[in-house]
Amino acid sequence: MCLPSRPRRAIASLLLALPLLCAAQGKLLLTGGVSTIEGAAGGGLTPWAVTGSYASGGEVGGSAYLSRVSSQDYSLNSFGVLVSLHDRAEFSLARQDFNTGPAGTALGLPGLHLKQTIAGAKLRVAGDAVLDSDRAMPQIALGLQAKRLDAGGLEATLKSLGAKTHGLDLYVSATKLLLAQSTLVNLTLRASKANQTGLLGFGGTASSSLSLCPEVSVAYLISKHLALGAEYRVKPDKLNPSALGAALKEDDWWDLFVAWAPNKRVSITAAYVDLGRIVPGIVSRRQNGAYLSAQLAF
């Protein structure tokens, strides 16, 4: 995959810096979450209030990830890095490459790939997931994701539908860790106008305003190395209806995942994902398949 020079240099610089970070070992195994497809720490589909890596107070940590989602007709590759400061702030950078498959061919753009760069920041503003595990107080964080899309030959079509190629997602996450029950619950409320998380631009003739979309995650720790969970992500529907009628109607996403961390350096996440219908006017069947992600923490 070929990246524009600025995102490529930024990701390379962060990757070179990761080994220089201090050994971040303060958190319990898996309590830093894994990397989402947009780069923030959380589940695979939605961010949590936790900061990435195992950096606790007074430590600086980081992680790098690589993931792939494959359905019947599409695929999404994603990779990125993040830095966590003192278990208080998190900064992430991610790059996505979406293969449009038969939809691109039907639009006269065979082999079209939609590429998106996502710069994220997260700040813990209240609570501590571990220290407050025996209280009602959750850990709460505020986050943002600045997104820029390279739509290639599809850009003119998106503009004709009122969609922009850049946008900003804002979110608040609340994460509750119930240590006695070996369970983690997260609720995220996202303000967004991203179509298919931004891969089809932002906003449209149907609506150019932000929508509030809830996202829910539940994880159960089978052992200190293995967790099972599920996620559900509500998505905005800014291109429906449009000049193409309901051909671009957007569905919610959900998954069932398993995360395995043999140690604090490595974690592997696998999931069954249901992405609903993507551009149903061209490919009407639901898109479900497999998600696989590998993460290295420092």
# chains A, B, ... in the order shown; residues from 1 in each chain; ligands from 1
$ select_by_dssp --residues "stretch 56-234 of chain A" --states "strand (DSSP E)" --output "ChimeraX atom specification"
/A:60-70,75-85,89-99,113-126,139-150,166-178,183-192,211-223,226-233
$ residues_around --residues "stretch 97-114 of chain A" --least-positions-apart "2" --cutoff "12 Å" --atoms "only C-alpha atoms" --output "count of residues only"
52
$ residues_around --residues "A:Trp48" --least-positions-apart "3" --cutoff "8 Å" --atoms "only C-alpha atoms" --output "count of residues only"
12
$ closest_residue --among "A:Gln181, A:Ser242, A:Asn263, A:Ser207" --to "A:Tyr54" --atoms "only C-alpha atoms"
A:Asn263
$ residues_around --residues "A:Ala64" --least-positions-apart "2" --cutoff "8 Å" --atoms "only C-alpha atoms" --output "JSON, numbers by chain"
{"A": [15, 62, 66, 79, 80, 81, 82, 295, 296, 297]}
